[in-house]
Amino acid sequence: MESMEKKIREIAREIFINQKIDFFLGYEEGSVPLKSRPFFIQAKEKTPDGLINRLVWNSFCSNNLAVFLPKFFEHDPRKKPPRIGISVKGCDLRSIVALIKEKQVPRENIVLIGVPCLGMIDKTKVEANFQGLEIIGSEETPEGVLNITTKDGKKHHLKREEFLQEACIECRFPMTEGTDYLIEGKARDPGDGGYARIKAFEDKPPEERWEYFKREISKCIRCNACRQACPTCWCKECFAEQTDLRWIGASIDLSDTMIFHLIRIFHQAGRCVECDACYRACPMGVDLRMFTKKIVQDVDELFSYVPGFSTEDTPPMSTFREEDSDNFISEP
Amino acid sequence: METSNWEPKIVAFLCNWCSYAGADLAGVSRLQYGPNVRIIRVPCSGRINPLYIVRALQNGIDGVLVSGCHPGDCHYISGNLVARRKFALMKRLLTYIGIEPERVQFSWVSASEGNRFAALMNKVIDDIKKIGPAKKLVKSVA
Ligand code: SF4
Ligand code: SF4
Ligand code: FES
């Protein structure tokens with residue numbers, strides 16, 4: 001991963017000059033162990049070398065950076081839209097592709113650097129391993145070992161493969177396609193999508209499903225972090241906040257919260273890339289994965305559509321086929 | 001609640017050009033169907049926002065029917081074909097979280113199908129009577 005990091009910095013430097021980008025979006029070291037955070041570099045006069053050297057690539061670059069893009073391209077007649085370079089994993093790129101198709105991001109204004117993804121580490125899994133003992137340092141080896149230092153001064157060696165995020169284990173598209181630059185390297189083997197979990201849930205009795213939904217949604221405090229973290233939740237005015245025609249209350253009334261989630265999930269039909277950004281952002285540990293994945297599965301089953309790397313196909317909810325199934329239609 | 005004399009409240013969202021006219025025909029033909037239905041006319045089934053459906057349930061409606069022109073017959077050519085995708089997903093999502101599949105139903109009724117409309121309404125009323133009052137998603141007024 002260190003060599004990837006070097007390569008990303010090199011390309012960032014190069015495209016500030018050759019491609020005249022105004023911004024670069026990547027990651028830098030976080031302020032706590034086991035975290036990297038999104039990092040924006042703005043071109044001032046020359047190449048911002050000091051900043052470029054802060055770019056990192058490691059097992060903690062999980063944020064879906066696509067979420068930041070639409071804001072840059074909001075229509076403003078006084079400004080010309082910027083050119084942006086961005087390092088992307090498979091999931092980030094698929095979100096960007098969705099945004100391009102929805103005309104929220106102009107393809108010609110972004111320079112994509114694909115990074116073959118080895119999966120990102122789940123911080124909570126690592127923390128659980130130490131049962132509350134504070135982690136004060138971490139470091140990765142090229143062999144896939146995560147060296148952890150805990151507060152008691154002890155060193156521990158973990159296999160990164162055993163602490164990956166569920167989303168990464170299940171990920172079907174760890175390798176990017178169609179980027180302008182591609183970092184050399186091997187991505188992990190594609191996963192199976194994890195739909196067995198959804199099928200198993202479907203097989204439970206309705207009351208059990210309802211109780212689970214209710215239990216999970218009851219935890220929600222309506223902070224909207226899930227919505228904010230999602231790249232394809234880009235509406236400027238969310239139905240949850242509309243006041244002239246007030247769809248739902250803003251508080252944590254359970255039925256309002258349930259509707260918020262049902263509609264949020266529904267609005268992700270054909271867009272959700274199962275990056276789990278929503279799930280990671282949730283401070284209350286709501287099992288959003290169990291519900292967002294359902295819409296992905298259904299869009300695939302009903303309309304044979306998987307949000308992928310191609311900007312050519314039409315998003316499934318803005319089109320139809322005459323032979324789409326009618327089997328849910330009630331007959332008298 | 002006394003379920004014995006409980007009568008379900010049902011909302012039917014009908015598109016202006018076919019299903020609403022179908023309901024009208026049922027009326028002028030003096031066809032009998034249960035008095036449990038409140039009809040809301042929408043320009044086209046493509047106008048249905050899934051929020052209409054969940055908001056109806058939230059406000060104490062026991063059953064929802066959405067009906068538009070048969071595929072191919074939409075006044076706006078493809079309104080119902082695009083809507084069909086939304087409906088299919090919505091139905092699956094609601095069922096997934098444990099809402100009874102009978103609670104929210106979708107159908108196609110043309111302007112000449114007064115009989116079909118009356119029969120459909122009776123079926124929906126029967127279905128809802130069988131599953132009882134809606135309790136999930138209902139807003140409790142504090
Ligand atoms: S809904 Fe969640 S998993 Fe899906 S794209 Fe948005 S943030 Fe990612
Ligand atoms: S992030 Fe979690 S708590 Fe916040 S609104 Fe979403 S589900 Fe609710
Ligand atoms: S006008 Fe009836 S479905 Fe479009």
# chains A, B, ... in the order shown; residues from 1 in each chain; ligands from 1
>>> interface_residues(of="chain B", to="chain A", cutoff="7 Å", atoms="only C-alpha atoms", output="VMD selection string")
chain B and resid 54 58 81 to 82 85 88 to 89 96 to 98 105 to 107 116 119 to 120 123 137 to 139
>>> residues_near_ligand(ligand="ligand 3", cutoff="12 Å", atoms="only C-alpha atoms and all ligand atoms", output="CSV table (one decimal) with C-alpha atoms, in the first residue's frame")
chain,number,residue,atom,x,y,z
B,13,PHE,CA,-55.6,6.7,-5.7
B,14,LEU,CA,-57.0,6.6,-9.2
B,15,CYS,CA,-55.7,8.1,-12.3
B,16,ASN,CA,-57.9,10.7,-14.0
B,17,TRP,CA,-58.1,9.1,-17.4
B,18,CYS,CA,-58.9,5.4,-16.8
B,19,SER,CA,-59.4,4.2,-13.3
B,20,TYR,CA,-61.3,7.3,-12.1
B,21,ALA,CA,-63.5,7.0,-15.1
B,22,GLY,CA,-63.9,3.3,-14.3
B,41,ARG,CA,-58.0,11.4,-8.1
B,42,VAL,CA,-54.5,11.9,-9.5
B,43,PRO,CA,-53.6,13.0,-13.0
B,44,CYS,CA,-51.8,9.7,-13.8
B,45,SER,CA,-50.5,6.7,-11.9
B,46,GLY,CA,-47.1,8.2,-12.6
B,47,ARG,CA,-48.0,11.0,-10.2
B,48,ILE,CA,-48.0,8.7,-7.3
B,66,VAL,CA,-53.4,2.5,-6.4
B,67,SER,CA,-54.8,2.1,-9.9
B,68,GLY,CA,-54.0,3.4,-13.3
B,69,CYS,CA,-54.6,2.7,-17.0
B,70,HIS,CA,-53.6,-0.7,-18.3
B,71,PRO,CA,-50.0,-0.9,-19.5
B,72,GLY,CA,-49.9,0.7,-23.0
B,73,ASP,CA,-53.0,2.7,-22.4
B,74,CYS,CA,-51.7,5.6,-20.2
B,75,HIS,CA,-52.9,9.0,-21.4
B,76,TYR,CA,-49.3,10.2,-21.0
B,77,ILE,CA,-48.0,7.1,-22.9
B,78,SER,CA,-45.6,5.8,-20.4
B,79,GLY,CA,-46.6,7.2,-17.0
B,80,ASN,CA,-47.8,3.9,-15.7
B,81,LEU,CA,-44.9,2.0,-17.1
B,82,VAL,CA,-42.4,4.1,-15.2
B,83,ALA,CA,-44.7,4.0,-12.2
B,84,ARG,CA,-44.9,0.2,-12.4
B,106,PHE,CA,-51.8,-2.0,-7.1
B,107,SER,CA,-54.0,-2.6,-10.1
B,108,TRP,CA,-55.0,-1.4,-13.6
B,109,VAL,CA,-58.6,-0.5,-14.4
B,110,SER,CA,-59.7,1.1,-17.7
B,111,ALA,CA,-62.5,3.6,-18.2
>>> residues_near_ligand(ligand="ligand 1", cutoff="10 Å", atoms="only C-alpha atoms and all ligand atoms", output="ChimeraX atom specification")
/A:63-64,66-67,91-92,94-95,98,167,225-233,264-281,288-289,291-293,295-296,307
>>> residues_near_ligand(ligand="ligand 2", cutoff="6 Å", atoms="only C-alpha atoms and all ligand atoms", output="list in words")
Cys220, Ile221, Arg222, Cys223, Asn224, Ala225, Cys226, Ala281, Cys282, Pro283, Met284 and Val286 of chain A
>>> write_last_selection(atoms="C-alpha atoms", output="PDB file, in the first residue's frame")
ATOM      1  CA  CYS A 220     -32.419   6.267  15.258  1.00  0.00           C
ATOM      2  CA  ILE A 221     -32.064   9.826  16.567  1.00  0.00           C
ATOM      3  CA  ARG A 222     -32.726  11.438  13.167  1.00  0.00           C
ATOM      4  CA  CYS A 223     -29.291  13.038  12.997  1.00  0.00           C
ATOM      5  CA  ASN A 224     -29.349  12.522   9.210  1.00  0.00           C
ATOM      6  CA  ALA A 225     -25.718  11.387   9.153  1.00  0.00           C
ATOM      7  CA  CYS A 226     -26.677   8.400   6.991  1.00  0.00           C
ATOM      8  CA  ALA A 281     -21.794   7.184   9.698  1.00  0.00           C
ATOM      9  CA  CYS A 282     -24.599   6.128  12.008  1.00  0.00           C
ATOM     10  CA  PRO A 283     -23.752   6.985  15.615  1.00  0.00           C
ATOM     11  CA  MET A 284     -26.483   4.696  16.921  1.00  0.00           C
ATOM     12  CA  VAL A 286     -28.724   1.163  13.223  1.00  0.00           C
TER      13      VAL A 286
END
>>> select_by_dssp(residues="range 156-326 of chain A", states="helix (DSSP H, G or I)", output="VMD selection string")
chain A and resid 160 to 163 166 to 170 195 to 202 206 to 218 225 to 229 239 to 241 254 to 266 277 to 281 289 to 303 316 to 318
>>> atom_distance(atom1="CA of Ile52 in chain A", atom2="CA of Ser31 in chain A")
17.6 Å
>>> atom_distance(atom1="CA of Leu25 in chain B", atom2="CA of Glu113 in chain B")
7.5 Å
>>> residues_around(residues="Lys71 in chain A", least_positions_apart="3", cutoff="9 Å", atoms="only C-alpha atoms", output="PyMOL selection string")
chain A and resi 67-68+74+104+234
>>> write_last_selection(atoms="C-alpha atoms", output="short mmCIF file (atom, residue, chain, number, x, y, z; two decimals), in the first residue's frame")
data_model
loop_
_atom_site.label_atom_id
_atom_site.label_comp_id
_atom_site.auth_asym_id
_atom_site.auth_seq_id
_atom_site.Cartn_x
_atom_site.Cartn_y
_atom_site.Cartn_z
CA VAL A 67 -20.18 12.46 -1.59
CA PHE A 68 -18.21 15.71 -1.88
CA GLU A 74 -23.97 23.21 -8.30
CA GLN A 104 -24.61 16.03 -10.87
CA TRP A 234 -27.84 14.74 -3.22
#
>>> atom_distance(atom1="CA of Leu99 in chain A", atom2="CA of Lys35 in chain A")
26.2 Å
>>> closest_residue(among="B:Met90, B:Ala134, B:Val11, B:Met121", to="Leu51 in chain B", atoms="only C-alpha atoms")
B:Met90
>>> residues_around(residues="Gly194 in chain A", least_positions_apart="2", cutoff="10 Å", atoms="only C-alpha atoms", output="VMD selection string")
chain A and resid 166 to 167 169 to 172 191 to 192 196 to 199 293 297
>>> residues_around(residues="Pro142 in chain A", least_positions_apart="4", cutoff="10 Å", atoms="only C-alpha atoms", output="short mmCIF file (atom, residue, chain, number, x, y, z; two decimals) with all heavy atoms, in the first residue's frame")
data_model
loop_
_atom_site.label_atom_id
_atom_site.label_comp_id
_atom_site.auth_asym_id
_atom_site.auth_seq_id
_atom_site.Cartn_x
_atom_site.Cartn_y
_atom_site.Cartn_z
N MET A 1 0.83 -1.20 0.00
CA MET A 1 0.00 0.00 0.00
C MET A 1 0.86 1.25 0.00
O MET A 1 0.43 2.30 -0.49
CB MET A 1 -0.91 0.02 1.22
CG MET A 1 -2.05 -0.95 1.08
SD MET A 1 -3.39 -0.50 2.14
CE MET A 1 -4.55 -1.80 1.78
N GLU A 2 2.08 1.12 0.54
CA GLU A 2 2.95 2.29 0.56
C GLU A 2 3.32 2.71 -0.84
O GLU A 2 3.38 3.90 -1.15
CB GLU A 2 4.21 1.95 1.35
CG GLU A 2 4.42 2.87 2.53
CD GLU A 2 5.66 2.48 3.27
OE1 GLU A 2 6.75 2.94 2.87
OE2 GLU A 2 5.52 1.71 4.22
N SER A 3 3.52 1.69 -1.71
CA SER A 3 3.89 2.03 -3.08
C SER A 3 2.70 2.69 -3.78
O SER A 3 2.87 3.56 -4.63
CB SER A 3 4.33 0.78 -3.83
OG SER A 3 3.27 -0.12 -3.91
N LEU A 146 -1.36 -5.95 10.62
CA LEU A 146 -1.66 -4.68 11.25
C LEU A 146 -1.04 -4.71 12.65
O LEU A 146 -1.43 -5.51 13.49
CB LEU A 146 -3.18 -4.52 11.33
CG LEU A 146 -3.72 -3.23 11.91
CD1 LEU A 146 -3.35 -2.04 11.04
CD2 LEU A 146 -5.23 -3.32 12.06
#
>>> select_by_dssp(residues="chain B", states="strand (DSSP E or B)", output="short mmCIF file (atom, residue, chain, number, x, y, z; two decimals) with N, CA, C and O atoms, in the first residue's frame")
data_model
loop_
_atom_site.label_atom_id
_atom_site.label_comp_id
_atom_site.auth_asym_id
_atom_site.auth_seq_id
_atom_site.Cartn_x
_atom_site.Cartn_y
_atom_site.Cartn_z
N ILE B 10 -60.43 2.78 3.57
CA ILE B 10 -59.55 2.49 2.43
C ILE B 10 -59.44 3.71 1.54
O ILE B 10 -60.42 4.42 1.30
N VAL B 11 -58.21 3.97 1.08
CA VAL B 11 -58.00 5.07 0.14
C VAL B 11 -57.64 4.47 -1.21
O VAL B 11 -56.82 3.54 -1.29
N ALA B 12 -58.30 4.97 -2.24
CA ALA B 12 -57.94 4.53 -3.59
C ALA B 12 -57.41 5.73 -4.37
O ALA B 12 -58.11 6.73 -4.52
N PHE B 13 -56.17 5.63 -4.81
CA PHE B 13 -55.59 6.65 -5.67
C PHE B 13 -55.84 6.22 -7.11
O PHE B 13 -55.33 5.19 -7.56
N LEU B 14 -56.65 6.99 -7.82
CA LEU B 14 -57.03 6.58 -9.17
C LEU B 14 -56.59 7.62 -10.19
O LEU B 14 -56.77 8.82 -9.97
N CYS B 15 -56.08 7.14 -11.31
CA CYS B 15 -55.65 8.09 -12.33
C CYS B 15 -56.88 8.66 -13.03
O CYS B 15 -57.91 7.99 -13.21
N VAL B 37 -64.53 3.07 0.84
CA VAL B 37 -63.47 3.63 0.00
C VAL B 37 -63.57 5.14 -0.14
O VAL B 37 -64.63 5.67 -0.40
N ARG B 38 -62.44 5.81 0.06
CA ARG B 38 -62.33 7.23 -0.27
C ARG B 38 -61.44 7.32 -1.49
O ARG B 38 -60.32 6.81 -1.50
N ILE B 39 -61.95 7.96 -2.52
CA ILE B 39 -61.19 8.02 -3.76
C ILE B 39 -60.43 9.34 -3.85
O ILE B 39 -60.98 10.40 -3.56
N ILE B 40 -59.17 9.25 -4.23
CA ILE B 40 -58.39 10.46 -4.49
C ILE B 40 -57.94 10.39 -5.94
O ILE B 40 -57.31 9.43 -6.37
N ARG B 41 -58.33 11.42 -6.68
CA ARG B 41 -58.03 11.42 -8.11
C ARG B 41 -56.64 12.04 -8.33
O ARG B 41 -56.34 13.11 -7.81
N VAL B 42 -55.82 11.35 -9.10
CA VAL B 42 -54.50 11.89 -9.45
C VAL B 42 -54.43 11.95 -10.98
O VAL B 42 -55.14 11.23 -11.67
N GLY B 63 -56.12 0.42 4.36
CA GLY B 63 -55.71 -0.20 3.11
C GLY B 63 -55.58 0.84 2.01
O GLY B 63 -56.31 1.83 2.00
N VAL B 64 -54.64 0.62 1.12
CA VAL B 64 -54.42 1.55 0.02
C VAL B 64 -54.49 0.79 -1.30
O VAL B 64 -53.89 -0.28 -1.44
N LEU B 65 -55.26 1.36 -2.23
CA LEU B 65 -55.24 0.82 -3.59
C LEU B 65 -54.75 1.92 -4.52
O LEU B 65 -55.17 3.07 -4.40
N VAL B 66 -53.83 1.55 -5.39
CA VAL B 66 -53.38 2.49 -6.41
C VAL B 66 -53.75 1.88 -7.75
O VAL B 66 -53.47 0.71 -7.99
N SER B 67 -54.44 2.66 -8.59
CA SER B 67 -54.80 2.07 -9.88
C SER B 67 -54.63 3.09 -11.00
O SER B 67 -54.90 4.28 -10.85
N GLY B 68 -54.19 2.59 -12.13
CA GLY B 68 -54.00 3.43 -13.31
C GLY B 68 -54.49 2.71 -14.55
O GLY B 68 -55.08 1.63 -14.47
N VAL B 104 -51.28 -2.79 0.91
CA VAL B 104 -51.09 -1.84 -0.19
C VAL B 104 -51.17 -2.62 -1.49
O VAL B 104 -50.40 -3.56 -1.70
N GLN B 105 -52.13 -2.27 -2.32
CA GLN B 105 -52.33 -3.02 -3.56
C GLN B 105 -52.30 -2.11 -4.77
O GLN B 105 -52.61 -0.93 -4.68
N PHE B 106 -51.92 -2.71 -5.87
CA PHE B 106 -51.83 -1.96 -7.13
C PHE B 106 -52.64 -2.69 -8.19
O PHE B 106 -52.67 -3.91 -8.20
N SER B 107 -53.28 -1.92 -9.05
CA SER B 107 -54.03 -2.59 -10.12
C SER B 107 -54.16 -1.68 -11.34
O SER B 107 -53.72 -0.53 -11.32
N TRP B 108 -54.71 -2.22 -12.38
CA TRP B 108 -55.02 -1.45 -13.59
C TRP B 108 -56.51 -1.57 -13.87
O TRP B 108 -57.05 -2.67 -13.89
#
>>> decode(residues="range 15-69 of chain B", atoms="C-alpha atoms", output="PDB file, in the first residue's frame")
ATOM      1  CA  CYS B  15     -55.655   8.093 -12.327  1.00  0.00           C
ATOM      2  CA  ASN B  16     -57.872  10.654 -13.967  1.00  0.00           C
ATOM      3  CA  TRP B  17     -58.110   9.092 -17.400  1.00  0.00           C
ATOM      4  CA  CYS B  18     -58.853   5.443 -16.794  1.00  0.00           C
ATOM      5  CA  SER B  19     -59.356   4.230 -13.259  1.00  0.00           C
ATOM      6  CA  TYR B  20     -61.272   7.265 -12.057  1.00  0.00           C
ATOM      7  CA  ALA B  21     -63.520   6.989 -15.101  1.00  0.00           C
ATOM      8  CA  GLY B  22     -63.855   3.273 -14.335  1.00  0.00           C
ATOM      9  CA  ALA B  23     -65.014   4.137 -10.821  1.00  0.00           C
ATOM     10  CA  ASP B  24     -67.414   6.659 -12.315  1.00  0.00           C
ATOM     11  CA  LEU B  25     -68.821   4.032 -14.631  1.00  0.00           C
ATOM     12  CA  ALA B  26     -69.287   1.667 -11.687  1.00  0.00           C
ATOM     13  CA  GLY B  27     -71.249   4.464 -10.058  1.00  0.00           C
ATOM     14  CA  VAL B  28     -73.495   5.354 -12.953  1.00  0.00           C
ATOM     15  CA  SER B  29     -74.075   1.669 -13.648  1.00  0.00           C
ATOM     16  CA  ARG B  30     -75.241   1.373 -10.035  1.00  0.00           C
ATOM     17  CA  LEU B  31     -72.809  -1.419  -9.277  1.00  0.00           C
ATOM     18  CA  GLN B  32     -72.520  -2.256  -5.612  1.00  0.00           C
ATOM     19  CA  TYR B  33     -69.287  -2.050  -3.692  1.00  0.00           C
ATOM     20  CA  GLY B  34     -68.500  -1.392  -0.066  1.00  0.00           C
ATOM     21  CA  PRO B  35     -68.760   2.163   1.257  1.00  0.00           C
ATOM     22  CA  ASN B  36     -65.292   1.968   2.830  1.00  0.00           C
ATOM     23  CA  VAL B  37     -63.468   3.631   0.000  1.00  0.00           C
ATOM     24  CA  ARG B  38     -62.328   7.229  -0.271  1.00  0.00           C
ATOM     25  CA  ILE B  39     -61.185   8.017  -3.764  1.00  0.00           C
ATOM     26  CA  ILE B  40     -58.387  10.457  -4.488  1.00  0.00           C
ATOM     27  CA  ARG B  41     -58.029  11.421  -8.108  1.00  0.00           C
ATOM     28  CA  VAL B  42     -54.501  11.885  -9.454  1.00  0.00           C
ATOM     29  CA  PRO B  43     -53.552  12.998 -12.986  1.00  0.00           C
ATOM     30  CA  CYS B  44     -51.806   9.719 -13.766  1.00  0.00           C
ATOM     31  CA  SER B  45     -50.500   6.720 -11.851  1.00  0.00           C
ATOM     32  CA  GLY B  46     -47.095   8.199 -12.615  1.00  0.00           C
ATOM     33  CA  ARG B  47     -48.017  11.019 -10.245  1.00  0.00           C
ATOM     34  CA  ILE B  48     -48.015   8.662  -7.268  1.00  0.00           C
ATOM     35  CA  ASN B  49     -45.284   9.411  -4.825  1.00  0.00           C
ATOM     36  CA  PRO B  50     -44.602   6.470  -2.494  1.00  0.00           C
ATOM     37  CA  LEU B  51     -44.939   9.014   0.292  1.00  0.00           C
ATOM     38  CA  TYR B  52     -48.687   9.232  -0.468  1.00  0.00           C
ATOM     39  CA  ILE B  53     -48.979   5.584   0.363  1.00  0.00           C
ATOM     40  CA  VAL B  54     -46.993   5.515   3.573  1.00  0.00           C
ATOM     41  CA  ARG B  55     -48.531   8.783   4.725  1.00  0.00           C
ATOM     42  CA  ALA B  56     -51.992   7.294   4.268  1.00  0.00           C
ATOM     43  CA  LEU B  57     -51.025   4.369   6.471  1.00  0.00           C
ATOM     44  CA  GLN B  58     -49.446   6.719   8.971  1.00  0.00           C
ATOM     45  CA  ASN B  59     -52.690   8.643   9.246  1.00  0.00           C
ATOM     46  CA  GLY B  60     -54.815   5.651  10.087  1.00  0.00           C
ATOM     47  CA  ILE B  61     -55.863   4.308   6.705  1.00  0.00           C
ATOM     48  CA  ASP B  62     -56.243   0.522   6.777  1.00  0.00           C
ATOM     49  CA  GLY B  63     -55.711  -0.203   3.107  1.00  0.00           C
ATOM     50  CA  VAL B  64     -54.423   1.553   0.017  1.00  0.00           C
ATOM     51  CA  LEU B  65     -55.242   0.824  -3.586  1.00  0.00           C
ATOM     52  CA  VAL B  66     -53.383   2.492  -6.407  1.00  0.00           C
ATOM     53  CA  SER B  67     -54.797   2.075  -9.876  1.00  0.00           C
ATOM     54  CA  GLY B  68     -53.999   3.432 -13.307  1.00  0.00           C
ATOM     55  CA  CYS B  69     -54.605   2.683 -16.966  1.00  0.00           C
TER      56      CYS B  69
END
